[in-house]
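Data block for data.cif (mmCIF, C-alpha atoms):
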```cif
data_my_file
loop_
_atom_site.group_PDB
_atom_site.id
_atom_site.type_symbol
_atom_site.label_atom_id
_atom_site.label_comp_id
_atom_site.auth_asym_id
_atom_site.auth_seq_id
_atom_site.Cartn_x
_atom_site.Cartn_y
_atom_site.Cartn_z
ATOM 1 C CA MET A 1 -3.553 -54.231 9.651
ATOM 2 C CA LYS A 2 -3.449 -57.394 11.756
ATOM 3 C CA ALA A 3 -4.191 -57.031 15.468
ATOM 4 C CA GLY A 4 -0.662 -58.103 16.372
ATOM 5 C CA SER A 5 0.887 -55.612 13.966
ATOM 6 C CA LEU A 6 -1.283 -52.838 15.341
ATOM 7 C CA SER A 7 -0.248 -53.704 18.883
ATOM 8 C CA TRP A 8 3.440 -53.556 18.042
ATOM 9 C CA ALA A 9 2.977 -50.307 16.141
ATOM 10 C CA LYS A 10 1.273 -48.592 19.089
ATOM 11 C CA GLN A 11 3.911 -49.910 21.488
ATOM 12 C CA VAL A 12 6.541 -47.814 19.686
ATOM 13 C CA TYR A 13 5.230 -44.652 21.380
ATOM 14 C CA ILE A 14 5.522 -46.254 24.809
ATOM 15 C CA THR A 15 8.956 -47.802 24.258
ATOM 16 C CA GLU A 16 10.603 -44.670 22.892
ATOM 17 C CA SER A 17 8.975 -42.228 25.314
ATOM 18 C CA GLU A 18 10.060 -44.393 28.252
ATOM 19 C CA CYS A 19 13.597 -44.383 26.904
ATOM 20 C CA ILE A 20 13.687 -40.591 26.709
ATOM 21 C CA ARG A 21 12.312 -40.223 30.232
ATOM 22 C CA GLN A 22 14.902 -42.628 31.624
ATOM 23 C CA MET A 23 17.770 -40.952 29.768
ATOM 24 C CA GLU A 24 17.720 -38.023 32.182
ATOM 25 C CA SER A 25 19.046 -40.254 34.977
ATOM 26 C CA TYR A 26 22.171 -40.837 32.865
ATOM 27 C CA PHE A 27 22.779 -37.119 32.350
ATOM 28 C CA ASP A 28 26.305 -36.347 33.583
ATOM 29 C CA GLU A 29 26.552 -32.587 34.117
ATOM 30 C CA ASP A 30 30.337 -32.601 34.147
ATOM 31 C CA ALA A 31 30.630 -34.612 30.920
ATOM 32 C CA TYR A 32 28.064 -32.496 29.082
ATOM 33 C CA SER A 33 29.702 -29.289 30.304
ATOM 34 C CA LYS A 34 33.067 -30.460 28.962
ATOM 35 C CA ALA A 35 31.523 -31.525 25.655
ATOM 36 C CA VAL A 36 29.739 -28.205 25.202
ATOM 37 C CA GLU A 37 32.906 -26.272 26.014
ATOM 38 C CA LEU A 38 34.860 -28.260 23.420
ATOM 39 C CA LEU A 39 32.185 -27.720 20.783
ATOM 40 C CA LYS A 40 31.911 -24.047 21.678
ATOM 41 C CA SER A 41 35.623 -23.370 21.230
ATOM 42 C CA ALA A 42 36.268 -25.624 18.225
ATOM 43 C CA PRO A 43 36.851 -23.866 14.880
ATOM 44 C CA ARG A 44 35.465 -26.950 13.123
ATOM 45 C CA ILE A 45 33.428 -29.978 14.175
ATOM 46 C CA GLY A 46 33.413 -33.436 12.620
ATOM 47 C CA ALA A 47 30.862 -36.160 13.304
ATOM 48 C CA SER A 48 30.906 -39.791 12.331
ATOM 49 C CA GLY A 49 29.236 -43.121 12.889
ATOM 50 C CA CYS A 50 28.050 -46.133 10.942
ATOM 51 C CA GLY A 51 24.524 -47.143 9.989
ATOM 52 C CA HIS A 52 21.788 -45.429 11.965
ATOM 53 C CA SER A 53 24.371 -43.687 14.154
ATOM 54 C CA GLY A 54 25.932 -42.203 11.039
ATOM 55 C CA ILE A 55 22.591 -40.910 9.846
ATOM 56 C CA MET A 56 22.046 -39.213 13.207
ATOM 57 C CA CYS A 57 25.548 -37.739 12.984
ATOM 58 C CA GLN A 58 24.573 -36.140 9.676
ATOM 59 C CA HIS A 59 21.643 -34.567 11.508
ATOM 60 C CA PHE A 60 23.998 -33.343 14.232
ATOM 61 C CA ALA A 61 26.336 -31.721 11.707
ATOM 62 C CA HIS A 62 23.369 -29.891 10.212
ATOM 63 C CA LEU A 63 22.235 -28.751 13.663
ATOM 64 C CA MET A 64 25.679 -27.300 14.284
ATOM 65 C CA CYS A 65 25.684 -25.443 10.972
ATOM 66 C CA CYS A 66 22.265 -23.988 11.825
ATOM 67 C CA ILE A 67 23.831 -22.270 14.850
ATOM 68 C CA GLU A 68 26.942 -21.259 12.920
ATOM 69 C CA ARG A 69 29.294 -23.903 14.295
ATOM 70 C CA PRO A 70 31.054 -25.119 11.123
ATOM 71 C CA ALA A 71 30.552 -28.876 10.950
ATOM 72 C CA ARG A 72 30.359 -31.781 8.561
ATOM 73 C CA PHE A 73 29.668 -35.488 8.614
ATOM 74 C CA ILE A 74 32.789 -37.466 7.778
ATOM 75 C CA SER A 75 32.084 -40.894 6.325
ATOM 76 C CA PRO A 76 34.167 -43.604 8.029
ATOM 77 C CA ALA A 77 35.015 -44.944 4.584
ATOM 78 C CA GLU A 78 36.215 -41.556 3.332
ATOM 79 C CA ALA A 79 37.962 -40.685 6.592
ATOM 80 C CA VAL A 80 40.928 -42.944 5.828
ATOM 81 C CA HIS A 81 41.103 -41.636 2.275
ATOM 82 C CA GLY A 82 41.755 -37.982 3.020
ATOM 83 C CA ALA A 83 38.502 -36.643 4.474
ATOM 84 C CA MET A 84 40.064 -36.217 7.918
ATOM 85 C CA GLY A 85 41.998 -33.348 6.400
ATOM 86 C CA PHE A 86 38.919 -31.234 7.160
ATOM 87 C CA LEU A 87 39.899 -31.222 10.838
ATOM 88 C CA GLN A 88 42.947 -29.535 12.335
ATOM 89 C CA ALA A 89 44.483 -29.229 15.783
ATOM 90 C CA GLY A 90 41.992 -27.694 18.185
ATOM 91 C CA ASP A 91 38.960 -29.061 16.346
ATOM 92 C CA VAL A 92 36.526 -31.665 17.681
ATOM 93 C CA MET A 93 35.407 -35.037 16.373
ATOM 94 C CA VAL A 94 32.154 -36.544 17.632
ATOM 95 C CA LEU A 95 31.980 -40.324 17.274
ATOM 96 C CA ALA A 96 28.748 -42.227 17.902
ATOM 97 C CA SER A 97 28.763 -45.970 18.510
ATOM 98 C CA ARG A 98 26.251 -47.667 20.771
ATOM 99 C CA GLY A 99 28.625 -50.544 21.530
ATOM 100 C CA GLY A 100 31.758 -48.411 21.387
ATOM 101 C CA LYS A 101 33.599 -50.957 19.282
ATOM 102 C CA THR A 102 32.752 -49.946 15.720
ATOM 103 C CA ALA A 103 35.862 -51.036 13.830
ATOM 104 C CA GLU A 104 35.472 -48.421 11.101
ATOM 105 C CA LEU A 105 35.808 -45.612 13.644
ATOM 106 C CA LEU A 106 38.997 -46.781 15.337
ATOM 107 C CA PRO A 107 41.372 -45.495 12.591
ATOM 108 C CA MET A 108 39.727 -42.090 12.953
ATOM 109 C CA VAL A 109 40.681 -42.080 16.637
ATOM 110 C CA ASP A 110 44.325 -42.640 15.722
ATOM 111 C CA ILE A 111 44.249 -39.743 13.265
ATOM 112 C CA CYS A 112 42.621 -37.452 15.833
ATOM 113 C CA LYS A 113 45.260 -38.289 18.430
ATOM 114 C CA LYS A 114 48.104 -37.552 16.028
ATOM 115 C CA LYS A 115 46.568 -34.262 14.848
ATOM 116 C CA GLY A 116 45.570 -32.897 18.256
ATOM 117 C CA ILE A 117 41.822 -33.168 17.638
ATOM 118 C CA SER A 118 39.602 -33.605 20.700
ATOM 119 C CA ILE A 119 37.271 -36.601 20.715
ATOM 120 C CA ILE A 120 33.741 -36.802 22.080
ATOM 121 C CA VAL A 121 32.313 -40.327 22.109
ATOM 122 C CA ILE A 122 28.648 -41.198 22.581
ATOM 123 C CA THR A 123 28.143 -44.821 23.621
ATOM 124 C CA GLU A 124 26.429 -47.173 26.037
ATOM 125 C CA ASN A 125 29.685 -48.968 26.735
ATOM 126 C CA THR A 126 31.903 -46.678 28.797
ATOM 127 C CA ASP A 127 34.620 -49.364 28.965
ATOM 128 C CA SER A 128 34.811 -49.741 25.190
ATOM 129 C CA PRO A 129 37.875 -48.908 23.051
ATOM 130 C CA LEU A 130 36.257 -45.739 21.720
ATOM 131 C CA ALA A 131 35.234 -44.554 25.181
ATOM 132 C CA VAL A 132 38.673 -45.190 26.639
ATOM 133 C CA ALA A 133 40.275 -43.150 23.851
ATOM 134 C CA ALA A 134 37.852 -40.226 24.206
ATOM 135 C CA ASP A 135 38.412 -36.871 25.861
ATOM 136 C CA VAL A 136 34.727 -36.834 26.837
ATOM 137 C CA VAL A 137 32.225 -39.679 26.989
ATOM 138 C CA LEU A 138 28.477 -39.056 26.867
ATOM 139 C CA ARG A 139 26.540 -42.076 28.071
ATOM 140 C CA GLN A 140 23.791 -43.331 25.784
ATOM 141 C CA TYR A 141 20.898 -45.301 27.226
ATOM 142 C CA VAL A 142 18.541 -47.564 25.290
ATOM 143 C CA ASN A 143 15.822 -49.658 26.940
ATOM 144 C CA ARG A 144 15.094 -51.734 23.829
ATOM 145 C CA GLU A 145 14.522 -51.337 20.118
ATOM 146 C CA THR A 146 10.910 -51.170 18.984
ATOM 147 C CA ASP A 147 10.708 -54.319 16.852
ATOM 148 C CA ARG A 148 9.824 -57.722 18.313
ATOM 149 C CA TYR A 149 13.404 -58.925 17.815
ATOM 150 C CA ASN A 150 14.975 -55.948 19.624
ATOM 151 C CA CYS A 151 17.275 -55.609 16.645
ATOM 152 C CA GLN A 152 16.541 -52.622 14.373
ATOM 153 C CA GLY A 153 18.158 -49.265 15.208
ATOM 154 C CA THR A 154 14.964 -47.474 16.183
ATOM 155 C CA THR A 155 14.927 -46.474 19.860
ATOM 156 C CA SER A 156 18.718 -46.211 19.810
ATOM 157 C CA SER A 157 18.474 -43.675 16.965
ATOM 158 C CA THR A 158 15.953 -41.649 18.937
ATOM 159 C CA ALA A 159 18.168 -41.709 22.024
ATOM 160 C CA LEU A 160 21.183 -40.501 20.049
ATOM 161 C CA CYS A 161 19.105 -37.806 18.381
ATOM 162 C CA VAL A 162 17.983 -36.527 21.793
ATOM 163 C CA ILE A 163 21.601 -36.295 22.966
ATOM 164 C CA PHE A 164 22.416 -34.197 19.916
ATOM 165 C CA HIS A 165 19.419 -31.978 20.631
ATOM 166 C CA VAL A 166 20.639 -31.508 24.198
ATOM 167 C CA LEU A 167 24.045 -30.398 22.914
ATOM 168 C CA GLN A 168 22.590 -27.947 20.407
ATOM 169 C CA THR A 169 20.204 -26.475 22.970
ATOM 170 C CA ALA A 170 23.041 -25.943 25.440
ATOM 171 C CA LEU A 171 25.288 -24.420 22.761
ATOM 172 C CA ILE A 172 22.632 -21.886 21.798
ATOM 173 C CA GLU A 173 22.634 -20.672 25.394
ATOM 174 C CA GLU A 174 26.402 -20.824 25.902
ATOM 175 C CA THR A 175 27.271 -18.981 22.693
ATOM 176 C CA GLY A 176 24.505 -16.392 22.955
ATOM 177 C CA PHE A 177 23.257 -17.403 19.517
ATOM 178 C CA GLN A 178 20.420 -15.140 18.379
ATOM 179 C CA ASN A 179 17.403 -15.916 16.239
ATOM 180 C CA GLU A 180 18.403 -13.050 13.962
ATOM 181 C CA GLN A 181 21.503 -15.071 13.066
ATOM 182 C CA PHE A 182 19.368 -18.080 12.261
ATOM 183 C CA ALA A 183 17.194 -15.904 10.049
ATOM 184 C CA LEU A 184 20.235 -15.034 7.957
ATOM 185 C CA VAL A 185 21.256 -18.660 7.299
ATOM 186 C CA HIS A 186 17.722 -20.032 7.065
ATOM 187 C CA PRO A 187 15.660 -17.812 4.744
ATOM 188 C CA GLY A 188 13.938 -20.785 3.109
ATOM 189 C CA GLY A 189 10.747 -22.661 3.914
ATOM 190 C CA ALA A 190 8.026 -21.873 6.428
ATOM 191 C CA VAL A 191 10.598 -21.131 9.126
ATOM 192 C CA GLY A 192 12.371 -18.661 6.856
ATOM 193 C CA GLU A 193 9.116 -16.922 6.020
ATOM 194 C CA ARG A 194 8.292 -16.548 9.713
ATOM 195 C CA LEU A 195 11.761 -15.231 10.539
ATOM 196 C CA ASN A 196 11.700 -12.879 7.555
ATOM 197 C CA ALA A 197 8.440 -11.401 8.783
ATOM 198 C CA ALA A 198 9.915 -10.983 12.259
ATOM 199 C CA PHE A 199 13.290 -9.508 11.359
ATOM 200 C CA GLY A 200 12.853 -7.951 7.912
ATOM 201 C CA GLU A 201 15.836 -7.565 5.613
ATOM 202 C CA PHE A 202 18.655 -9.939 6.510
ATOM 203 C CA GLU A 203 21.318 -7.649 5.009
ATOM 204 C CA THR A 204 21.195 -5.456 8.091
ATOM 205 C CA ILE A 205 22.038 -8.280 10.447
ATOM 206 C CA GLY A 206 25.468 -7.946 11.995
ATOM 207 C CA LYS A 207 25.959 -4.325 10.889
#
```

What is this file in structure tokens?
Amino acid sequence: MKAGSLSWAKQVYITESECIRQMESYFDEDAYSKAVELLKSAPRIGASGCGHSGIMCQHFAHLMCCIERPARFISPAEAVHGAMGFLQAGDVMVLASRGGKTAELLPMVDICKKKGISIIVITENTDSPLAVAADVVLRQYVNRETDRYNCQGTTSSTALCVIFHVLQTALIEETGFQNEQFALVHPGGAVGERLNAAFGEFETIGK
């Protein structure tokens, strides 16, 4: 590897760790409390975004399912072709857009408003169309992307992922979710083996 390439590669650890440390100063207790309460009470949760944000939203939907909060990623393309039928009044839609202006997400906002679905928006731009339409706005912070052109969705993906981890961690506490429940829905892999050894037969859970 060239010396310059190696330097940029090592800088990734510094750039992203600094971003995470600085994110705490943008933590709005009131906004996060409202978001967690919405997610806690919602029968179903939708999540959507484009590009890297969309990929992180898929991760978020999986995190929610792991703690038994029914959720799914709704593709912006499929949303306007029937997929928004997954959500009903009282549900929650989480929309992630760093700039808050992602055109593909705006029709989803209109559908949510008409159906009585609460909207949580994660964005850097709190004056953006998506933020203005939201019931709750969670502020995203990004110092810079890791590439020399400050262009690829690297640090911004990490920042969004951390916000989703914050929400899941808080929901585990607020809902009283137990590891025994996780053992039931996650019997596979190394984690499943460890939980199986700890809790034994899953059929007894909940009885």

Check what the PyMOL selection byres ((chain A and resi 53) around 10) selects in the file above and give those residues as a list in words.
Ala47, Ser48, Gly49, Cys50, Gly51, His52, Gly54, Ile55, Met56, Cys57, Gln58, His59, Leu95, Ala96, Ser97, Arg98, Ile122, Gly153, Ser156, Ser157, Thr158, Leu160 and Cys161 of chain A

Please determine, counting only C-alpha atoms, which residue among A:Gly85, A:Val142, A:Ala31, A:Val162 has the shortest atom-to-atom distance to A:Phe60.
A:Val162

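Atom pair atom CA of A:Ala79 / atom CA of A:Ala134: separated by 17.6 Å.
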
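For the set A:Ser75, A:Asn196, A:Thr175, A:Gln140, the residue with the smallest atom-to-atom gap to A:Val121 is A:Gln140, counting only C-alpha atoms.
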
Matched chain/residue IDs from the PyMOL selection byres ((chain A and resi 103-109) around 12), as an NGL selection string:
:A and (46-51 or 53-54 or 74-85 or 87 or 92-97 or 99-102 or 110-121 or 128-135)

With the file shown as input, list the residues that the PyMOL selection byres ((chain A and resi 180) around 8) selects, as a list in words.
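Taken over the shown coordinates, the PyMOL selection byres ((chain A and resi 180) around 8) returns Gln178, Asn179, Gln181, Phe182, Ala183, Leu184, Leu195, Phe199 and Ile205 of chain A.
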
Choose the residue, out of A:Leu38, A:Asn125, A:Val137, A:Asn143, that has the smallest atom-to-atom separation from A:Gly90; count only C-alpha atoms.
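Looking only at the distances to A:Gly90, the closest residue turns out to be A:Leu38.
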
Using only C-alpha atoms, pick whichever of A:Val36, A:Met64, A:Ala42, A:Leu138 has the shortest atom-to-atom distance to A:Glu174.
A:Val36

Measuring atom to atom with all atoms listed in the file, identify which of A:Lys2, A:Val166, A:Gly192, A:His186 is nearest to A:Glu29.
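Once distances to A:Glu29 are computed over all atoms listed in the file, the minimum belongs to A:Val166.
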
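Of the residues listed (A:Ala190, A:Val185, A:Leu63, A:Val136), A:Val136 shows the shortest atom-to-atom separation from A:Ser33; distances use all atoms listed in the file.
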
Could you tell me how far atom CA of A:Ala159 sits from atom CA of A:Leu171, in Å to one decimal place?
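Interatomic distance, atom CA of A:Leu171 to atom CA of A:Ala159: 18.7 Å.
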
Work out how far atom CA of A:Pro43 is from atom CA of A:Ala71, in Å to one decimal.
9.0 Å

Edge lengths and centre in Å, axis-aligned, stretch 139-151 of chain A plus 8 Å each side, as lines of an AutoDock Vina configuration file:
```
center_x = 18.2
center_y = -50.5
center_z = 22.4
size_x = 32.7
size_y = 32.8
size_z = 27.4
```

Leaving out A:Tyr26 and any residue of its chain fewer than 4 positions from it, which residues lie within 8 Å of it when counting all atoms listed in the file, given as a PDB file with C-alpha atoms, keeping the file's coordinate frame?
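Resulting contents of selection_26.pdb:
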```pdb
ATOM      1  CA  GLN A  22      14.902 -42.628  31.624  1.00  0.00           C
ATOM      2  CA  ARG A 139      26.540 -42.076  28.071  1.00  0.00           C
ATOM      3  CA  GLN A 140      23.791 -43.331  25.784  1.00  0.00           C
ATOM      4  CA  TYR A 141      20.898 -45.301  27.226  1.00  0.00           C
TER       5      TYR A 141
END
```
